[in-house]
$ cat model06.pdb   # PDB, C-alpha atoms and all ligand atoms
MODEL        1
ATOM      1  CA  MET B  87       0.000   0.000   0.000
ATOM      2  CA  ALA B  88       1.459   3.376  -1.021
ATOM      3  CA  ILE B  89       2.060   5.927   1.703
ATOM      4  CA  ASP B  90       2.096   9.661   1.535
ATOM      5  CA  ARG B  91       5.252  11.550   2.578
ATOM      6  CA  ASP B  92       3.462  14.110   4.754
ATOM      7  CA  VAL B  93       1.362  11.431   6.467
ATOM      8  CA  GLN B  94       4.454   9.360   7.256
ATOM      9  CA  MET B  95       6.349  12.407   8.561
ATOM     10  CA  GLU B  96       3.422  13.464  10.725
ATOM     11  CA  ASN B  97       2.899   9.943  12.096
ATOM     12  CA  VAL B  98       6.597   9.434  12.834
ATOM     13  CA  LYS B  99       6.680  12.738  14.695
ATOM     14  CA  GLY B 100       3.502  11.846  16.596
ATOM     15  CA  TRP B 101       4.728   8.403  17.563
ATOM     16  CA  TRP B 102       8.136   9.568  18.809
ATOM     17  CA  ASN B 103       6.587  12.320  20.892
ATOM     18  CA  THR B 104       4.045  10.239  22.812
ATOM     19  CA  GLU B 105       4.324  10.100  26.614
ATOM     20  CA  ASN B 106       5.519   6.496  26.833
ATOM     21  CA  ILE B 107       8.367   7.131  24.393
ATOM     22  CA  LEU B 108      10.567   8.019  27.346
ATOM     23  CA  ALA B 109      10.843   4.258  27.844
ATOM     24  CA  TRP B 110      13.456   4.450  25.070
ATOM     25  CA  ASP B 111      15.641   6.393  27.492
ATOM     26  CA  LYS B 112      15.878   3.218  29.620
ATOM     27  CA  HIS B 113      16.403   0.702  26.792
ATOM     28  CA  TYR B 114      20.141   0.404  27.290
ATOM     29  CA  ASP B 115      19.616  -0.563  30.951
ATOM     30  CA  SER B 116      16.483  -2.609  30.271
ATOM     31  CA  SER B 117      15.641  -5.359  32.741
ATOM     32  CA  ASP B 118      14.997  -7.520  29.676
ATOM     33  CA  GLN B 119      18.500  -8.912  29.184
ATOM     34  CA  HIS B 120      17.808  -9.648  25.564
ATOM     35  CA  VAL B 121      16.889  -6.009  24.756
ATOM     36  CA  ALA B 122      19.760  -4.562  26.757
ATOM     37  CA  TYR B 123      22.293  -6.910  25.167
ATOM     38  CA  TYR B 124      20.950  -6.173  21.683
ATOM     39  CA  VAL B 125      21.095  -2.362  21.859
ATOM     40  CA  ASN B 126      24.398  -2.301  23.727
ATOM     41  CA  SER B 127      26.166  -4.704  21.373
ATOM     42  CA  ARG B 128      24.895  -2.760  18.351
ATOM     43  CA  GLN B 129      26.076   0.493  19.880
ATOM     44  CA  GLN B 130      29.481  -0.950  20.788
ATOM     45  CA  LYS B 131      30.089  -2.162  17.235
ATOM     46  CA  VAL B 132      29.204   1.264  15.828
ATOM     47  CA  ILE B 133      31.565   2.969  18.265
ATOM     48  CA  ASN B 134      34.339   0.486  17.440
ATOM     49  CA  HIS B 135      33.976   1.346  13.771
ATOM     50  CA  VAL B 136      34.136   5.084  14.442
ATOM     51  CA  GLN B 137      37.307   4.542  16.477
ATOM     52  CA  LYS B 138      38.860   2.534  13.654
ATOM     53  CA  PHE B 139      38.701   5.669  11.478
ATOM     54  CA  ASN B 140      41.551   7.033  13.656
ATOM     55  CA  LEU B 141      40.246  10.566  13.582
ATOM     56  CA  PRO B 142      41.907  13.281  15.666
ATOM     57  CA  GLN B 143      40.266  14.477  18.905
ATOM     58  CA  GLY B 144      37.590  17.067  18.238
ATOM     59  CA  SER B 145      36.516  15.507  14.902
ATOM     60  CA  ARG B 146      32.880  16.152  14.187
ATOM     61  CA  VAL B 147      30.310  13.343  14.245
ATOM     62  CA  LEU B 148      26.657  13.764  13.308
ATOM     63  CA  GLU B 149      24.140  11.242  14.608
ATOM     64  CA  LEU B 150      20.904  11.075  12.640
ATOM     65  CA  GLY B 151      18.017   9.955  14.865
ATOM     66  CA  CYS B 152      20.121  10.226  18.022
ATOM     67  CA  GLY B 153      17.248   9.331  20.372
ATOM     68  CA  ALA B 154      18.101   9.771  24.046
ATOM     69  CA  GLY B 155      21.788  10.319  23.233
ATOM     70  CA  HIS B 156      23.242   7.028  24.474
ATOM     71  CA  THR B 157      25.680   6.716  21.573
ATOM     72  CA  ALA B 158      26.245  10.468  21.343
ATOM     73  CA  ALA B 159      27.335  10.599  25.008
ATOM     74  CA  LYS B 160      29.808   7.753  24.483
ATOM     75  CA  LEU B 161      31.260   9.525  21.455
ATOM     76  CA  CYS B 162      31.534  12.770  23.457
ATOM     77  CA  GLU B 163      33.446  10.874  26.144
ATOM     78  CA  LEU B 164      35.841   9.617  23.479
ATOM     79  CA  GLY B 165      36.663  13.191  22.478
ATOM     80  CA  TYR B 166      34.506  13.735  19.381
ATOM     81  CA  LYS B 167      32.363  16.835  18.903
ATOM     82  CA  VAL B 168      28.890  15.426  18.475
ATOM     83  CA  SER B 169      25.790  16.827  16.804
ATOM     84  CA  GLY B 170      22.491  15.006  17.005
ATOM     85  CA  LEU B 171      19.262  15.403  15.079
ATOM     86  CA  ASP B 172      16.005  13.804  16.114
ATOM     87  CA  VAL B 173      12.284  14.254  15.622
ATOM     88  CA  SER B 174      11.547  13.591  19.309
ATOM     89  CA  GLU B 175      11.709  16.670  21.503
ATOM     90  CA  LYS B 176      11.227  14.471  24.564
ATOM     91  CA  LEU B 177      14.217  12.266  23.793
ATOM     92  CA  LEU B 178      16.351  15.274  22.881
ATOM     93  CA  VAL B 179      15.916  16.566  26.436
ATOM     94  CA  CYS B 180      17.373  13.249  27.681
ATOM     95  CA  ALA B 181      20.159  13.395  25.075
ATOM     96  CA  LYS B 182      21.280  16.863  26.163
ATOM     97  CA  GLN B 183      21.296  15.853  29.814
ATOM     98  CA  ARG B 184      23.185  12.627  29.079
ATOM     99  CA  CYS B 185      25.954  14.498  27.235
ATOM    100  CA  LYS B 186      26.032  17.295  29.802
ATOM    101  CA  ASN B 187      26.851  14.624  32.397
ATOM    102  CA  VAL B 188      30.083  13.746  30.573
ATOM    103  CA  VAL B 189      31.387  16.835  28.737
ATOM    104  CA  SER B 190      30.893  20.589  28.628
ATOM    105  CA  GLU B 191      28.019  21.999  26.599
ATOM    106  CA  ASP B 192      30.157  23.505  23.840
ATOM    107  CA  LEU B 193      31.197  19.985  22.766
ATOM    108  CA  PHE B 194      27.752  18.838  21.610
ATOM    109  CA  ASP B 195      24.731  20.201  19.856
ATOM    110  CA  PHE B 196      21.254  18.694  19.484
ATOM    111  CA  ARG B 197      18.527  19.843  17.146
ATOM    112  CA  CYS B 198      14.978  18.822  16.501
ATOM    113  CA  GLY B 199      14.299  17.966  12.877
ATOM    114  CA  ASN B 200      13.077  15.367  10.445
ATOM    115  CA  LEU B 201      15.335  13.313   8.186
ATOM    116  CA  ASP B 202      12.880  13.825   5.353
ATOM    117  CA  GLU B 203      13.771  17.513   5.352
ATOM    118  CA  ARG B 204      16.974  19.383   4.502
ATOM    119  CA  LEU B 205      19.515  18.870   7.289
ATOM    120  CA  PRO B 206      20.137  22.085   9.256
ATOM    121  CA  TYR B 207      23.940  21.953   8.789
ATOM    122  CA  GLU B 208      26.479  23.529   6.446
ATOM    123  CA  ASP B 209      27.953  21.626   3.498
ATOM    124  CA  GLU B 210      31.027  19.495   4.301
ATOM    125  CA  SER B 211      30.929  20.076   8.050
ATOM    126  CA  PHE B 212      31.242  16.522   9.475
ATOM    127  CA  ASP B 213      33.924  13.832   9.458
ATOM    128  CA  VAL B 214      31.457  11.044  10.221
ATOM    129  CA  VAL B 215      27.691  10.595   9.960
ATOM    130  CA  ILE B 216      26.033   7.711  11.805
ATOM    131  CA  ALA B 217      22.442   6.465  11.803
ATOM    132  CA  VAL B 218      21.478   3.687  14.194
ATOM    133  CA  GLY B 219      18.027   2.133  13.941
ATOM    134  CA  VAL B 220      16.319   5.123  12.382
ATOM    135  CA  LEU B 221      16.191   4.706   8.600
ATOM    136  CA  GLN B 222      13.127   2.447   8.801
ATOM    137  CA  TYR B 223      11.068   5.592   9.511
ATOM    138  CA  VAL B 224      12.437   7.674   6.645
ATOM    139  CA  TYR B 225      10.111   8.192   3.711
ATOM    140  CA  ASP B 226      12.659   9.182   1.070
ATOM    141  CA  ILE B 227      15.901   7.359   1.805
ATOM    142  CA  ASN B 228      17.681   8.724  -1.263
ATOM    143  CA  PHE B 229      16.935  12.307  -0.236
ATOM    144  CA  CYS B 230      18.098  11.584   3.331
ATOM    145  CA  LEU B 231      21.390   9.989   2.268
ATOM    146  CA  THR B 232      22.055  12.691  -0.314
ATOM    147  CA  GLU B 233      21.689  15.214   2.499
ATOM    148  CA  ALA B 234      24.050  13.146   4.671
ATOM    149  CA  ARG B 235      26.536  13.223   1.797
ATOM    150  CA  ARG B 236      26.202  16.986   1.468
ATOM    151  CA  VAL B 237      27.096  17.612   5.119
ATOM    152  CA  LEU B 238      30.012  15.134   5.087
ATOM    153  CA  LYS B 239      33.525  16.357   4.335
ATOM    154  CA  LYS B 240      35.307  14.882   1.342
ATOM    155  CA  GLY B 241      36.660  11.493   2.442
ATOM    156  CA  GLY B 242      34.169  11.416   5.339
ATOM    157  CA  ARG B 243      32.493   8.163   6.388
ATOM    158  CA  ILE B 244      28.911   7.168   6.885
ATOM    159  CA  LEU B 245      27.921   4.291   9.168
ATOM    160  CA  LEU B 246      24.446   2.788   8.999
ATOM    161  CA  ALA B 247      23.196   0.224  11.506
ATOM    162  CA  GLN B 248      19.762  -1.178  10.749
ATOM    163  CA  ARG B 249      17.719  -4.153  11.785
ATOM    164  CA  ASN B 250      18.418  -6.848   9.220
ATOM    165  CA  CYS B 251      15.225  -8.328   7.738
ATOM    166  CA  SER B 252      17.089 -11.518   6.860
ATOM    167  CA  GLY B 253      18.713 -12.013  10.281
ATOM    168  CA  MET B 254      18.467 -15.593  11.521
ATOM    169  CA  GLY B 255      16.808 -14.630  14.823
ATOM    170  CA  LEU B 256      13.753 -13.202  13.080
ATOM    171  CA  ALA B 257      12.793 -16.535  11.594
ATOM    172  CA  PHE B 258      12.842 -18.698  14.706
ATOM    173  CA  ASN B 259      10.526 -16.924  17.123
ATOM    174  CA  SER B 260       7.343 -18.592  15.981
ATOM    175  CA  PHE B 261       5.901 -20.343  12.968
ATOM    176  CA  ARG B 262       4.240 -17.082  11.877
ATOM    177  CA  GLU B 263       7.515 -15.213  12.019
ATOM    178  CA  PHE B 264       9.204 -17.997  10.089
ATOM    179  CA  ILE B 265       6.611 -17.637   7.326
ATOM    180  CA  ARG B 266       6.888 -13.853   7.447
ATOM    181  CA  SER B 267      10.681 -14.040   7.000
ATOM    182  CA  GLY B 268      10.165 -16.276   3.977
ATOM    183  CA  VAL B 269       7.737 -13.764   2.473
ATOM    184  CA  TYR B 270      10.187 -10.906   3.136
ATOM    185  CA  PHE B 271      12.805 -12.836   1.248
ATOM    186  CA  ILE B 272      10.786 -14.309  -1.611
ATOM    187  CA  CYS B 273       8.548 -11.294  -2.290
ATOM    188  CA  TYR B 274      11.271  -8.706  -1.613
ATOM    189  CA  GLU B 275       8.932  -6.823   0.714
ATOM    190  CA  GLU B 276       9.642  -3.136   1.325
ATOM    191  CA  ASN B 277       7.700  -2.585   4.540
ATOM    192  CA  GLU B 278       7.413  -4.504   7.801
ATOM    193  CA  LEU B 279       4.416  -6.846   8.112
ATOM    194  CA  PHE B 280       2.701  -7.978  11.298
ATOM    195  CA  PRO B 281       3.542 -11.589  12.195
ATOM    196  CA  ALA B 282      -0.080 -12.585  11.554
ATOM    197  CA  PHE B 283      -1.257 -14.735   8.657
ATOM    198  CA  LYS B 284      -3.752 -12.054   7.639
ATOM    199  CA  SER B 285      -1.056  -9.399   7.361
ATOM    200  CA  ILE B 286       1.417 -11.775   5.693
ATOM    201  CA  LEU B 287      -1.116 -12.715   3.026
ATOM    202  CA  CYS B 288      -2.964  -9.419   2.517
ATOM    203  CA  ASP B 289      -0.449  -6.625   3.223
ATOM    204  CA  SER B 290       2.471  -8.164   1.341
ATOM    205  CA  ARG B 291       2.893  -8.451  -2.411
ATOM    206  CA  LEU B 292       0.767 -11.609  -2.027
ATOM    207  CA  GLY B 293      -2.122  -9.180  -1.490
ATOM    208  CA  ILE B 294      -2.616  -9.265  -5.286
ATOM    209  CA  ILE B 295      -4.007 -12.762  -4.755
ATOM    210  CA  PHE B 296      -5.312 -12.706  -1.167
ATOM    211  CA  GLY B 297      -6.212  -9.030  -0.656
ATOM    212  CA  ARG B 298      -9.753  -9.587  -1.923
ATOM    213  CA  PHE B 299     -10.412 -11.945   1.039
ATOM    214  CA  ARG B 300      -9.302  -9.376   3.630
ATOM    215  CA  ASN B 301     -12.834  -8.816   4.956
ATOM    216  CA  THR B 302     -14.057 -12.402   4.834
ATOM    217  CA  SER B 303     -14.846 -14.150   8.105
ATOM    218  CA  PHE B 304     -12.074 -16.719   7.569
ATOM    219  CA  PHE B 305      -9.409 -14.008   7.311
ATOM    220  CA  ASN B 306     -10.729 -12.444  10.509
ATOM    221  CA  LEU B 307     -10.657 -15.582  12.640
ATOM    222  CA  PRO B 308      -8.413 -15.162  15.724
ATOM    223  CA  PHE B 309      -6.042 -17.727  14.175
ATOM    224  CA  MET B 310      -5.531 -15.443  11.157
ATOM    225  CA  THR B 311      -5.319 -12.110  13.002
ATOM    226  CA  LYS B 312      -3.119 -13.225  15.913
ATOM    227  CA  GLY B 313      -0.019 -11.023  15.820
ATOM    228  CA  ILE B 314      -1.735  -7.862  14.588
ATOM    229  CA  THR B 315      -1.428  -5.144  17.193
ATOM    230  CA  LYS B 316      -3.584  -2.051  17.247
ATOM    231  CA  LYS B 317      -1.489   1.101  17.086
ATOM    232  CA  SER B 318      -2.587   4.658  17.546
ATOM    233  CA  TYR B 319      -0.366   5.667  14.614
ATOM    234  CA  THR B 320      -0.204   3.941  11.279
ATOM    235  CA  LEU B 321       3.513   4.005  10.605
ATOM    236  CA  LYS B 322       5.174   2.268   7.734
ATOM    237  CA  LYS B 323       8.506   0.774   8.726
ATOM    238  CA  ARG B 324      10.888   0.113   5.878
ATOM    239  CA  LEU B 325      12.787  -3.147   5.826
ATOM    240  CA  TYR B 326      16.541  -3.224   5.339
ATOM    241  CA  SER B 327      19.100  -5.934   4.692
ATOM    242  CA  TYR B 328      22.777  -5.740   3.745
ATOM    243  CA  MET B 329      21.925  -5.707   0.072
ATOM    244  CA  ARG B 330      19.410  -2.908   0.512
ATOM    245  CA  LEU B 331      21.741  -0.781   2.615
ATOM    246  CA  ARG B 332      24.472  -1.197   0.021
ATOM    247  CA  LYS B 333      22.038  -0.309  -2.732
ATOM    248  CA  VAL B 334      20.745   2.881  -1.096
ATOM    249  CA  LEU B 335      24.307   4.000  -0.312
ATOM    250  CA  LYS B 336      25.358   3.347  -3.888
ATOM    251  CA  ASN B 337      22.349   5.309  -5.192
ATOM    252  CA  ALA B 338      23.441   8.243  -3.032
ATOM    253  CA  LEU B 339      26.954   8.013  -4.617
ATOM    254  CA  PHE B 340      28.804   6.603  -1.598
ATOM    255  CA  GLN B 341      31.558   4.036  -2.002
ATOM    256  CA  MET B 342      31.290   0.945   0.159
ATOM    257  CA  VAL B 343      34.060   0.390   2.699
ATOM    258  CA  SER B 344      33.006  -2.508   4.936
ATOM    259  CA  CYS B 345      30.169  -4.537   6.428
ATOM    260  CA  ASP B 346      29.666  -5.939   9.902
ATOM    261  CA  GLY B 347      26.900  -7.464  11.968
ATOM    262  CA  ALA B 348      25.733  -7.050  15.542
ATOM    263  CA  TYR B 349      23.936  -9.580  17.701
ATOM    264  CA  TYR B 350      23.806 -13.026  16.217
ATOM    265  CA  CYS B 351      20.821 -14.444  18.044
ATOM    266  CA  ILE B 352      19.025 -17.631  17.166
ATOM    267  CA  SER B 353      15.670 -16.474  18.489
ATOM    268  CA  GLU B 354      14.551 -13.067  19.655
ATOM    269  CA  LYS B 355      12.210 -14.614  22.182
ATOM    270  CA  VAL B 356      14.287 -17.480  23.423
ATOM    271  CA  ASN B 357      14.149 -17.644  27.204
ATOM    272  CA  ASN B 358      17.643 -18.950  27.386
ATOM    273  CA  PHE B 359      19.502 -15.678  27.079
ATOM    274  CA  THR B 360      22.821 -17.403  27.773
ATOM    275  CA  LEU B 361      22.382 -19.519  24.659
ATOM    276  CA  ASN B 362      21.896 -16.404  22.507
ATOM    277  CA  ARG B 363      24.913 -14.758  24.068
ATOM    278  CA  ASN B 364      27.073 -17.798  23.357
ATOM    279  CA  VAL B 365      25.852 -17.938  19.768
ATOM    280  CA  ASP B 366      26.706 -14.236  19.458
ATOM    281  CA  GLY B 367      30.200 -14.819  20.840
ATOM    282  CA  PHE B 368      30.746 -17.727  18.451
ATOM    283  CA  PHE B 369      29.651 -15.758  15.362
ATOM    284  CA  ASN B 370      31.658 -12.721  16.408
ATOM    285  CA  LYS B 371      34.749 -14.928  16.391
ATOM    286  CA  ILE B 372      34.166 -16.769  13.137
ATOM    287  CA  THR B 373      33.120 -13.683  11.152
ATOM    288  CA  LYS B 374      36.586 -12.274  11.864
ATOM    289  CA  VAL B 375      38.010 -15.026   9.638
ATOM    290  CA  SER B 376      38.087 -13.279   6.256
ATOM    291  CA  PHE B 377      36.417 -15.958   4.142
ATOM    292  CA  LEU B 378      33.594 -16.327   6.718
ATOM    293  CA  GLY B 379      32.935 -12.589   6.929
ATOM    294  CA  PHE B 380      29.856 -13.007   4.725
ATOM    295  CA  LEU B 381      28.101 -14.701   7.703
ATOM    296  CA  CYS B 382      27.535 -11.236   9.123
ATOM    297  CA  CYS B 383      24.390 -11.282   6.959
ATOM    298  CA  LEU B 384      22.818 -13.510   9.674
ATOM    299  CA  ALA B 385      23.088 -10.882  12.396
ATOM    300  CA  LYS B 386      20.102  -9.050  13.805
ATOM    301  CA  THR B 387      21.674  -5.689  12.932
ATOM    302  CA  ALA B 388      23.313  -4.994   9.595
ATOM    303  CA  ILE B 389      26.127  -2.461   9.825
ATOM    304  CA  VAL B 390      27.568  -0.916   6.689
ATOM    305  CA  CYS B 391      30.264   1.687   6.310
ATOM    306  CA  ALA B 392      30.779   3.808   3.198
ATOM    307  CA  GLN B 393      32.829   6.811   2.171
ATOM    308  CA  LYS B 394      32.309  10.088   0.309
ATOM    309  CA  LYS B 395      35.072   9.930  -2.251
ATOM    310  CA  ASP B 396      34.582  13.228  -4.151
TER     311      ASP B 396
HETATM  312  C1  LIG B 401      14.876   3.243  17.501
HETATM  313  S1  LIG B 401      15.300   4.844  18.047
HETATM  314  C2  LIG B 401      17.088   4.786  17.956
HETATM  315  C3  LIG B 401      17.712   5.893  18.754
HETATM  316  C4  LIG B 401      19.239   5.914  18.723
HETATM  317  N1  LIG B 401      19.752   6.005  17.378
HETATM  318  C5  LIG B 401      19.801   4.724  19.432
HETATM  319  O1  LIG B 401      20.342   3.835  18.754
HETATM  320  O2  LIG B 401      19.712   4.652  20.658
HETATM  321  C6  LIG B 401      14.880   5.787  16.608
HETATM  322  C7  LIG B 401      15.077   7.272  16.787
HETATM  323  O3  LIG B 401      14.923   7.895  15.521
HETATM  324  C8  LIG B 401      14.121   9.043  15.671
HETATM  325  N2  LIG B 401      13.448   9.254  14.383
HETATM  326  C9  LIG B 401      12.570   8.419  13.792
HETATM  327  N3  LIG B 401      12.204   8.905  12.601
HETATM  328  C10 LIG B 401      12.862  10.078  12.429
HETATM  329  C11 LIG B 401      12.890  11.036  11.401
HETATM  330  N4  LIG B 401      12.163  10.897  10.302
HETATM  331  N5  LIG B 401      13.676  12.125  11.548
HETATM  332  C12 LIG B 401      14.434  12.277  12.684
HETATM  333  N6  LIG B 401      14.448  11.388  13.696
HETATM  334  C13 LIG B 401      13.665  10.292  13.568
HETATM  335  C14 LIG B 401      13.183   8.730  16.794
HETATM  336  O4  LIG B 401      12.682   9.902  17.404
HETATM  337  C15 LIG B 401      14.084   7.924  17.708
HETATM  338  O5  LIG B 401      14.748   8.730  18.619
ENDMDL
END

$ encode --input "model06.pdb" --output "structure tokens" --more "lines below"
Ligand SMILES: C[S@@+](CC[C@H](N)C(=O)[O-])C[C@H]1O[C@@H](n2cnc3c(N)ncnc32)[C@H](O)[C@@H]1O
Amino acid sequence: MAIDRDVQMENVKGWWNTENILAWDKHYDSSDQHVAYYVNSRQQKVINHVQKFNLPQGSRVLELGCGAGHTAAKLCELGYKVSGLDVSEKLLVCAKQRCKNVVSEDLFDFRCGNLDERLPYEDESFDVVIAVGVLQYVYDINFCLTEARRVLKKGGRILLAQRNCSGMGLAFNSFREFIRSGVYFICYEENELFPAFKSILCDSRLGIIFGRFRNTSFFNLPFMTKGITKKSYTLKKRLYSYMRLRKVLKNALFQMVSCDGAYYCISEKVNNFTLNRNVDGFFNKITKVSFLGFLCCLAKTAIVCAQKKD
């Protein structure tokens, strides 16, 4: 189903400014070990990559969709000058406070804005641009990445970390999610589907065949609708994989540098957190072996790094 740019922008803004969004501020210390491990390992990998660029102290980093500033604060601590842009005024308050706790105020700058609009920064002003778990909300990814390229200095790097729609963990939560993963892969879906048979059959490209049955009583049986959650905002969330991230970066005239993965989990719901952590440790080791590096495409988060060459 096609979505309108203004509707998406309005809904994204609405969603990220609701009262309960402050829960995101606590994600990194979540009592759910699985969530905490996931966001922290993703963040750590992104920071490791930034450090590998060997930039001098005071280099400028822009974080697109900086949320409550968890990554920004870590980068400030490491000596970078950090700017953050986010659509959520509530989370920006947390981000400012988090950075203020570690460095003086002249070393960071946060602004409220939408990635579907021109970025409020000068041309060629940053050494690095990062975006962690935000591009799924962007309506026009080519516009957004072209803007990121504009504000990057020549030779500057961009790091994208996005949930990987072909990660192995996504497929093994439940039978519905297994089927949904298959449909993502086979039908090359662009937007996230609910893990409910009704959504998988009607909202995907398979809707050409099954869409006409959407309102029949069979398609509305609890068995078919289980997994559909009612939301107050109808957001479309774009799906990304390594191939898609590479493609959008290439379209925006970036040159690929490297790929990595974060959190190799075998099931996102598995009660045995220790098992997931061991699997993660194992994959982190073997993906360091050059000819096994391609296995990073099984991780929950796809991380890609590219460069502005001219
Ligand atoms: C999943 S959170 C990730 C936050 C942060 N990057 C992190 O890793 O902790 C997504 C963030 O992107 C922001 N966001 C979503 N869509 C946006 C948009 N179109 N423009 C700017 N920020 C956006 C949200 O407000 C939220 O803070």

$ closest_atom_pairs --input "model06.pdb" --of "chain B" --to "ligand LIG 401 (chain B)" --cutoff "7 Å" --atoms "all atoms listed in the file" --output "JSON lines"
{"residue": "B:Met95", "atom": "CA", "partner": "B:LIG401", "partner_atom": "N4", "distance": 6.3}
{"residue": "B:Val98", "atom": "CA", "partner": "B:LIG401", "partner_atom": "N3", "distance": 5.6}
{"residue": "B:Trp102", "atom": "CA", "partner": "B:LIG401", "partner_atom": "O4", "distance": 4.8}
{"residue": "B:Val125", "atom": "CA", "partner": "B:LIG401", "partner_atom": "O1", "distance": 7.0}
{"residue": "B:Gln129", "atom": "CA", "partner": "B:LIG401", "partner_atom": "O1", "distance": 6.7}
{"residue": "B:Leu150", "atom": "CA", "partner": "B:LIG401", "partner_atom": "N6", "distance": 6.5}
{"residue": "B:Gly151", "atom": "CA", "partner": "B:LIG401", "partner_atom": "O3", "distance": 3.8}
{"residue": "B:Cys152", "atom": "CA", "partner": "B:LIG401", "partner_atom": "N1", "distance": 4.3}
{"residue": "B:Gly153", "atom": "CA", "partner": "B:LIG401", "partner_atom": "O5", "distance": 3.1}
{"residue": "B:Ala154", "atom": "CA", "partner": "B:LIG401", "partner_atom": "O2", "distance": 6.3}
{"residue": "B:Gly155", "atom": "CA", "partner": "B:LIG401", "partner_atom": "O2", "distance": 6.6}
{"residue": "B:His156", "atom": "CA", "partner": "B:LIG401", "partner_atom": "O2", "distance": 5.7}
{"residue": "B:Thr157", "atom": "CA", "partner": "B:LIG401", "partner_atom": "O2", "distance": 6.4}
{"residue": "B:Leu171", "atom": "CA", "partner": "B:LIG401", "partner_atom": "C12", "distance": 6.2}
{"residue": "B:Asp172", "atom": "CA", "partner": "B:LIG401", "partner_atom": "N6", "distance": 3.8}
{"residue": "B:Val173", "atom": "CA", "partner": "B:LIG401", "partner_atom": "N6", "distance": 4.1}
{"residue": "B:Ser174", "atom": "CA", "partner": "B:LIG401", "partner_atom": "O4", "distance": 4.3}
{"residue": "B:Leu177", "atom": "CA", "partner": "B:LIG401", "partner_atom": "O5", "distance": 6.3}
{"residue": "B:Gly199", "atom": "CA", "partner": "B:LIG401", "partner_atom": "C12", "distance": 5.7}
{"residue": "B:Asn200", "atom": "CA", "partner": "B:LIG401", "partner_atom": "N5", "distance": 3.5}
{"residue": "B:Leu201", "atom": "CA", "partner": "B:LIG401", "partner_atom": "N5", "distance": 3.9}
{"residue": "B:Asp202", "atom": "CA", "partner": "B:LIG401", "partner_atom": "N4", "distance": 5.8}
{"residue": "B:Ala217", "atom": "CA", "partner": "B:LIG401", "partner_atom": "N1", "distance": 6.2}
{"residue": "B:Val218", "atom": "CA", "partner": "B:LIG401", "partner_atom": "N1", "distance": 4.3}
{"residue": "B:Gly219", "atom": "CA", "partner": "B:LIG401", "partner_atom": "C1", "distance": 4.9}
{"residue": "B:Val220", "atom": "CA", "partner": "B:LIG401", "partner_atom": "O3", "distance": 4.4}
{"residue": "B:Tyr223", "atom": "CA", "partner": "B:LIG401", "partner_atom": "N3", "distance": 4.7}
{"residue": "B:Val224", "atom": "CA", "partner": "B:LIG401", "partner_atom": "N4", "distance": 4.9}

$ write_last_selection --input "model06.pdb" --atoms "C-alpha atoms" --output "CSV table (one decimal), keeping the file's coordinate frame"
chain,number,residue,atom,x,y,z
B,95,MET,CA,6.3,12.4,8.6
B,98,VAL,CA,6.6,9.4,12.8
B,102,TRP,CA,8.1,9.6,18.8
B,125,VAL,CA,21.1,-2.4,21.9
B,129,GLN,CA,26.1,0.5,19.9
B,150,LEU,CA,20.9,11.1,12.6
B,151,GLY,CA,18.0,10.0,14.9
B,152,CYS,CA,20.1,10.2,18.0
B,153,GLY,CA,17.2,9.3,20.4
B,154,ALA,CA,18.1,9.8,24.0
B,155,GLY,CA,21.8,10.3,23.2
B,156,HIS,CA,23.2,7.0,24.5
B,157,THR,CA,25.7,6.7,21.6
B,171,LEU,CA,19.3,15.4,15.1
B,172,ASP,CA,16.0,13.8,16.1
B,173,VAL,CA,12.3,14.3,15.6
B,174,SER,CA,11.5,13.6,19.3
B,177,LEU,CA,14.2,12.3,23.8
B,199,GLY,CA,14.3,18.0,12.9
B,200,ASN,CA,13.1,15.4,10.4
B,201,LEU,CA,15.3,13.3,8.2
B,202,ASP,CA,12.9,13.8,5.4
B,217,ALA,CA,22.4,6.5,11.8
B,218,VAL,CA,21.5,3.7,14.2
B,219,GLY,CA,18.0,2.1,13.9
B,220,VAL,CA,16.3,5.1,12.4
B,223,TYR,CA,11.1,5.6,9.5
B,224,VAL,CA,12.4,7.7,6.6

$ atom_distance --input "model06.pdb" --atom1 "atom CA of Gln137 of chain B" --atom2 "atom CA of Val188 of chain B"
18.3 Å

$ closest_residue --input "model06.pdb" --among "B:His120, B:Lys99, B:His113, B:Arg128" --to "Asn358 of chain B" --atoms "only C-alpha atoms"
B:His120

$ closest_residue --input "model06.pdb" --among "B:Val365, B:Ile314, B:Cys185, B:Ile295" --to "Tyr350 of chain B" --atoms "all atoms listed in the file"
B:Val365

$ closest_atom_pairs --input "model06.pdb" --of "segment 180-279 of chain B" --to "segment 291-294 of chain B" --cutoff "10 Å" --atoms "only C-alpha atoms" --output "tab-separated table"
residue	atom	partner	partner_atom	distance
B:Val269	CA	B:Leu292	CA	8.6
B:Tyr270	CA	B:Arg291	CA	9.5
B:Ile272	CA	B:Arg291	CA	9.9
B:Cys273	CA	B:Arg291	CA	6.3
B:Tyr274	CA	B:Arg291	CA	8.4
B:Glu275	CA	B:Arg291	CA	7.0
B:Glu276	CA	B:Arg291	CA	9.4
